[in-house]
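I have placed the structure first, in the form of structure tokens, so that the comments after it can refer back to it.
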Amino acid sequence: MIVVDKVVAGYSAEVDILKGMTLRAEQGEIVTLLGPNGCGKSTLLKTIAGFLRPRSGSITLKGADVSALPVHHKIRHCGIGFVPQTENIFSALTIRENLLVGGHYMNKADCAARMAELCTLYPILHRKFNDPAASMSGGERQILALARALMPRPGLLLLDEPSAGLSPKVLKEVFQAIVTVNKEEGVTMLMVEQNAIEALRMSDRAYVLSMGAVALHGDADQLMDDPQVRELYLGGRAA
Ligand SMILES: Nc1ncnc2c1ncn2[C@@H]1O[C@H](COP(=O)(O)OP(=O)(O)OP(=O)(O)O)[C@@H](O)[C@H]1O
């Protein structure tokens, strides 16, 4: 579905952060990106989302080259959604208003219908519909951020550390929310995560990145059993 082929990208002309990144996610898969701090995981998501333009290489979505398209075009016309790691909701706005922001390219009827669907999928949104997002817990905010990005019915969702700062119990709820929409709507997920064990458990496949390129990749089960991955990312524990 999405193919990243030998992508080189960075923030300044002098420094490449992605140094020939190659990976793919098939329709309906959950694919996790693991790797040490600073290896380029978020930069990869930002490049796919359109915030950064590859210097070379290509990004294709369902066979079409989307490498040079800007963010708004990718959201509106390509069905690519992005949930950033921080500042992913508007705290002063209500849940309803946050969802309206996510649906601002949609017509009124579509937008209302989609809000109703997401409130059914995630009842917390319904319960707090007219409350300010500031009144939500950390996990609830992540679910709102997810729902906001889901408003235009993306086919591909890019998730940057959805469990950041959450307790183990709450992160399970957020991961469950991700699995639910993956199963119910077939949304392909490309997700950066630090909670490697939990992330691998819910994923089909994973890539381990190192210094701007792919170091290892495989089925999530297989990576969970890989001694090198266990040592580096799973605290040496058997899963
Ligand atoms: N806006 C920016 N401007 C310049 N350099 C940046 C910017 N954002 C990130 N970088 C640099 O790019 C490199 C990769 O950062 P990135 O955020 O992609 O890593 P990451 O793998 O997601 O790390 P983490 O796990 O810590 O979030 C780092 O050296 C970082 O300092």
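Going by the structure tokens order, chains are called A, B, ..., each with residues numbered from 1, while ligands are numbered from 1 in the order shown.
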Hey, which residues sit close to ligand 1? Say within 9 Å, counting only C-alpha atoms and all ligand atoms, and write them as number ranges by chain.
A: 10-12, 15-18, 34-46, 85, 160-161, 192-194, 209-212
I need the residues from that last selection saved to file as a PDB file, in the first residue's frame (with C-alpha atoms), if you can.
ATOM      1  CA  GLY A  10      16.564  16.004   6.537  1.00  0.00           C
ATOM      2  CA  TYR A  11      15.793  19.356   8.081  1.00  0.00           C
ATOM      3  CA  SER A  12      18.809  21.303   6.760  1.00  0.00           C
ATOM      4  CA  VAL A  15      22.471  16.939   7.227  1.00  0.00           C
ATOM      5  CA  ASP A  16      20.616  13.848   6.073  1.00  0.00           C
ATOM      6  CA  ILE A  17      18.507  12.298   8.845  1.00  0.00           C
ATOM      7  CA  LEU A  18      16.969   9.584   6.668  1.00  0.00           C
ATOM      8  CA  LEU A  34      11.291   0.733  16.674  1.00  0.00           C
ATOM      9  CA  GLY A  35      14.735   2.121  17.275  1.00  0.00           C
ATOM     10  CA  PRO A  36      16.908   4.212  19.575  1.00  0.00           C
ATOM     11  CA  ASN A  37      16.316   7.901  20.282  1.00  0.00           C
ATOM     12  CA  GLY A  38      17.279  10.097  17.380  1.00  0.00           C
ATOM     13  CA  CYS A  39      17.451   7.334  14.742  1.00  0.00           C
ATOM     14  CA  GLY A  40      14.845   9.090  12.574  1.00  0.00           C
ATOM     15  CA  LYS A  41      11.520   7.417  13.408  1.00  0.00           C
ATOM     16  CA  SER A  42       9.530  10.648  13.759  1.00  0.00           C
ATOM     17  CA  THR A  43      11.354  12.168  10.802  1.00  0.00           C
ATOM     18  CA  LEU A  44      10.234   9.237   8.676  1.00  0.00           C
ATOM     19  CA  LEU A  45       6.582   9.745   9.666  1.00  0.00           C
ATOM     20  CA  LYS A  46       6.868  13.497   9.018  1.00  0.00           C
ATOM     21  CA  GLN A  85       3.454  12.766  19.336  1.00  0.00           C
ATOM     22  CA  ASP A 160       3.915   8.893  16.501  1.00  0.00           C
ATOM     23  CA  GLU A 161       4.254   7.226  19.919  1.00  0.00           C
ATOM     24  CA  VAL A 192       6.394   4.633  16.028  1.00  0.00           C
ATOM     25  CA  GLU A 193       6.588   3.136  19.514  1.00  0.00           C
ATOM     26  CA  GLN A 194       8.965   2.891  22.462  1.00  0.00           C
ATOM     27  CA  LEU A 209      15.705   1.567  12.526  1.00  0.00           C
ATOM     28  CA  SER A 210      19.249   2.660  13.191  1.00  0.00           C
ATOM     29  CA  MET A 211      20.918   5.897  12.124  1.00  0.00           C
ATOM     30  CA  GLY A 212      18.390   6.788   9.452  1.00  0.00           C
TER      31      GLY A 212
END
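When the distance limit is 12 Å and only C-alpha atoms are what count, the residues near Asn98 in chain A, minus those fewer than 5 positions from it on the same chain, are Asn88, Ile89, Phe90, Ser91, Ala92, Leu93, Gly103, His104, Cys111, Met115, Leu125, Lys128, Phe129, Asn130, Asp131, Pro132, Ala133, Ala134, Arg141, Ile143, Leu144, Ala145, Leu146, Ala147, Arg148, Ala149, Leu150 and Met151 of chain A.
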Show which residues sit within 10 Å of Arg114 in chain A, as a PyMOL selection string. Count only C-alpha atoms, and ignore same-chain residues fewer than 2 positions away.
chain A and resi 99-100+103+106+108-112+116-120+147+150-153
Restricted to N, CA and C atoms, what would the selected residues look like written as an mmCIF file, in the first residue's frame?
data_model
loop_
_atom_site.group_PDB
_atom_site.id
_atom_site.type_symbol
_atom_site.label_atom_id
_atom_site.label_comp_id
_atom_site.auth_asym_id
_atom_site.auth_seq_id
_atom_site.Cartn_x
_atom_site.Cartn_y
_atom_site.Cartn_z
ATOM 1 N N LEU A 99 -13.145 17.320 16.781
ATOM 2 C CA LEU A 99 -13.518 16.436 15.665
ATOM 3 C C LEU A 99 -13.864 17.262 14.428
ATOM 4 N N LEU A 100 -14.503 18.428 14.650
ATOM 5 C CA LEU A 100 -14.819 19.304 13.508
ATOM 6 C C LEU A 100 -13.539 19.775 12.812
ATOM 7 N N GLY A 103 -12.436 17.246 10.582
ATOM 8 C CA GLY A 103 -13.322 17.059 9.430
ATOM 9 C C GLY A 103 -13.511 18.316 8.601
ATOM 10 N N MET A 106 -14.492 18.191 5.058
ATOM 11 C CA MET A 106 -15.674 17.377 4.710
ATOM 12 C C MET A 106 -16.918 18.267 4.656
ATOM 13 N N LYS A 108 -20.866 19.176 5.555
ATOM 14 C CA LYS A 108 -21.499 19.167 6.879
ATOM 15 C C LYS A 108 -22.139 17.809 7.207
ATOM 16 N N ALA A 109 -22.848 17.251 6.245
ATOM 17 C CA ALA A 109 -23.566 15.993 6.504
ATOM 18 C C ALA A 109 -22.588 14.848 6.752
ATOM 19 N N ASP A 110 -21.549 14.786 5.910
ATOM 20 C CA ASP A 110 -20.512 13.745 6.058
ATOM 21 C C ASP A 110 -19.819 13.861 7.393
ATOM 22 N N CYS A 111 -19.524 15.102 7.733
ATOM 23 C CA CYS A 111 -18.800 15.385 8.967
ATOM 24 C C CYS A 111 -19.640 14.925 10.167
ATOM 25 N N ALA A 112 -20.933 15.244 10.163
ATOM 26 C CA ALA A 112 -21.809 14.854 11.278
ATOM 27 C C ALA A 112 -21.928 13.334 11.354
ATOM 28 N N ALA A 116 -20.612 10.835 14.433
ATOM 29 C CA ALA A 116 -21.490 9.853 15.093
ATOM 30 C C ALA A 116 -20.840 8.467 15.071
ATOM 31 N N GLU A 117 -20.243 8.109 13.928
ATOM 32 C CA GLU A 117 -19.571 6.792 13.831
ATOM 33 C C GLU A 117 -18.447 6.672 14.855
ATOM 34 N N LEU A 118 -17.644 7.734 14.951
ATOM 35 C CA LEU A 118 -16.490 7.676 15.857
ATOM 36 C C LEU A 118 -16.929 7.689 17.318
ATOM 37 N N CYS A 119 -18.059 8.366 17.598
ATOM 38 C CA CYS A 119 -18.585 8.356 18.978
ATOM 39 C C CYS A 119 -19.117 6.968 19.337
ATOM 40 N N THR A 120 -19.571 6.216 18.346
ATOM 41 C CA THR A 120 -20.004 4.837 18.608
ATOM 42 C C THR A 120 -18.784 3.944 18.822
ATOM 43 N N ALA A 147 -9.110 9.858 16.910
ATOM 44 C CA ALA A 147 -10.410 10.083 16.259
ATOM 45 C C ALA A 147 -10.371 11.321 15.355
ATOM 46 N N LEU A 150 -8.914 10.376 12.277
ATOM 47 C CA LEU A 150 -9.762 9.413 11.550
ATOM 48 C C LEU A 150 -10.971 10.070 10.879
ATOM 49 N N MET A 151 -11.245 11.323 11.234
ATOM 50 C CA MET A 151 -12.450 11.978 10.706
ATOM 51 C C MET A 151 -12.577 11.843 9.181
ATOM 52 N N PRO A 152 -11.549 12.172 8.388
ATOM 53 C CA PRO A 152 -11.729 12.099 6.926
ATOM 54 C C PRO A 152 -11.612 10.670 6.364
ATOM 55 N N ARG A 153 -11.721 9.661 7.222
ATOM 56 C CA ARG A 153 -11.638 8.246 6.824
ATOM 57 C C ARG A 153 -10.334 7.931 6.070
#
Which one of A:His72, A:Lys19, A:Arg96, A:Arg24 sits closest to Ala206 in chain A if you count only C-alpha atoms?
A:Arg24
Residues of range 20-230 of chain A in strand (DSSP E), written as an MDAnalysis selection string
chainID A and resid 20:25 30:34 56:61 64:65 80:83 156:160 188:192 205:210 213:219
Requested write-out: C-alpha atoms of the selected residues, as a tab-separated table (two decimals), in the first residue's frame:
chain	number	residue	atom	x	y	z
A	20	GLY	CA	18.18	5.65	2.27
A	21	MET	CA	15.12	4.45	4.18
A	22	THR	CA	13.26	1.56	2.56
A	23	LEU	CA	10.12	-0.03	3.99
A	24	ARG	CA	6.51	-0.85	3.19
A	25	ALA	CA	3.13	-1.43	4.80
A	30	ILE	CA	-0.22	-2.65	11.63
A	31	VAL	CA	3.49	-1.96	11.19
A	32	THR	CA	5.62	-0.71	14.06
A	33	LEU	CA	8.83	1.29	13.84
A	34	LEU	CA	11.29	0.73	16.67
A	56	SER	CA	15.93	11.54	-3.20
A	57	GLY	CA	14.10	8.24	-3.27
A	58	SER	CA	10.34	7.91	-3.49
A	59	ILE	CA	7.17	7.39	-1.48
A	60	THR	CA	4.34	5.66	-3.32
A	61	LEU	CA	0.82	5.10	-2.08
A	64	ALA	CA	1.03	6.62	-7.09
A	65	ASP	CA	4.09	8.73	-6.35
A	80	ILE	CA	-3.09	9.82	4.78
A	81	GLY	CA	-3.72	10.76	8.41
A	82	PHE	CA	-1.11	11.80	10.96
A	83	VAL	CA	-1.23	11.80	14.77
A	156	LEU	CA	-3.28	5.04	6.15
A	157	LEU	CA	-2.68	6.42	9.62
A	158	LEU	CA	0.75	7.53	10.85
A	159	LEU	CA	0.98	7.36	14.65
A	160	ASP	CA	3.92	8.89	16.50
A	188	THR	CA	-3.35	0.60	7.66
A	189	MET	CA	-1.23	1.74	10.61
A	190	LEU	CA	2.40	2.82	10.57
A	191	MET	CA	3.31	3.44	14.18
A	192	VAL	CA	6.39	4.63	16.03
A	205	ARG	CA	5.29	-6.58	11.18
A	206	ALA	CA	7.97	-4.25	12.47
A	207	TYR	CA	11.11	-2.44	11.40
A	208	VAL	CA	14.02	-1.64	13.66
A	209	LEU	CA	15.71	1.57	12.53
A	210	SER	CA	19.25	2.66	13.19
A	213	ALA	CA	18.02	3.38	7.81
A	214	VAL	CA	16.44	-0.02	8.44
A	215	ALA	CA	18.62	-2.34	10.53
A	216	LEU	CA	16.19	-5.25	10.92
A	217	HIS	CA	12.70	-6.12	9.84
A	218	GLY	CA	10.32	-9.02	9.96
A	219	ASP	CA	7.06	-10.40	11.33
Between CA of Ala9 in chain A and CA of Val187 in chain A, distance in Å (one decimal)
26.1 Å
Report as a list in words all protein, DNA and RNA residues lying within 10 Å of Lys183 in chain A, evaluated on only C-alpha atoms, omitting residues in the same chain fewer than 5 positions from it.
Gly28, Glu29, Ile178 and Thr188 of chain A
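Picture a line from CA of Ser137 in chain A to CA of Thr94 in chain A; it runs 13.8 Å.
What separates CA of His126 in chain A from CA of Ala164 in chain A is a distance of 24.0 Å.
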Taking only C-alpha atoms into account, name the residue in A:Leu166, A:Val174, A:Ile2, A:Leu223 that is nearest to Gly63 in chain A.
A:Ile2
Would you give me, as an MDAnalysis selection string, the residues in range 2-163 of chain A that DSSP reads as alpha helix (DSSP H)?
chainID A and resid 41:49 71:73 95:102 108:121 123:127 138:150
Export of prior selection with C-alpha atoms as a compact mmCIF listing (two decimals), in the first residue's frame:
# COMPACT_ATOMS: atom_id res chain seq x y z
CA LYS A 41 11.52 7.42 13.41
CA SER A 42 9.53 10.65 13.76
CA THR A 43 11.35 12.17 10.80
CA LEU A 44 10.23 9.24 8.68
CA LEU A 45 6.58 9.75 9.67
CA LYS A 46 6.87 13.50 9.02
CA THR A 47 8.34 12.79 5.59
CA ILE A 48 5.55 10.38 4.69
CA ALA A 49 2.98 12.88 6.02
CA VAL A 71 0.49 17.71 3.98
CA HIS A 72 -2.92 19.21 3.21
CA HIS A 73 -3.07 17.41 -0.13
CA ILE A 95 -14.38 17.13 21.88
CA ARG A 96 -16.96 18.03 19.23
CA GLU A 97 -14.89 21.02 18.06
CA ASN A 98 -11.71 18.92 17.88
CA LEU A 99 -13.52 16.44 15.67
CA LEU A 100 -14.82 19.30 13.51
CA VAL A 101 -11.20 20.44 13.01
CA GLY A 102 -10.38 16.92 11.81
CA LYS A 108 -21.50 19.17 6.88
CA ALA A 109 -23.57 15.99 6.50
CA ASP A 110 -20.51 13.75 6.06
CA CYS A 111 -18.80 15.38 8.97
CA ALA A 112 -21.81 14.85 11.28
CA ALA A 113 -22.19 11.23 10.17
CA ARG A 114 -18.51 10.54 10.73
CA MET A 115 -18.58 12.14 14.20
CA ALA A 116 -21.49 9.85 15.09
CA GLU A 117 -19.57 6.79 13.83
CA LEU A 118 -16.49 7.68 15.86
CA CYS A 119 -18.58 8.36 18.98
CA THR A 120 -20.00 4.84 18.61
CA LEU A 121 -16.54 3.36 18.09
CA PRO A 123 -17.91 5.94 23.62
CA ILE A 124 -15.71 8.28 25.69
CA LEU A 125 -16.07 10.84 22.89
CA HIS A 126 -19.83 10.64 23.16
CA ARG A 127 -19.78 10.93 26.94
CA GLY A 138 -3.96 11.34 28.97
CA GLY A 139 -5.35 8.15 27.43
CA GLU A 140 -8.63 9.82 26.50
CA ARG A 141 -6.72 12.61 24.79
CA GLN A 142 -4.84 10.08 22.69
CA ILE A 143 -8.14 8.51 21.67
CA LEU A 144 -9.43 11.98 20.72
CA ALA A 145 -6.25 12.64 18.72
CA LEU A 146 -6.74 9.30 16.97
CA ALA A 147 -10.41 10.08 16.26
CA ARG A 148 -9.58 13.58 14.98
CA ALA A 149 -7.17 12.06 12.46
CA LEU A 150 -9.76 9.41 11.55
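For the choices A:Val4, A:Ala196, A:Met136, A:Met202, the atom-to-atom distance to Asn182 in chain A is smallest for A:Met202 when using only C-alpha atoms.
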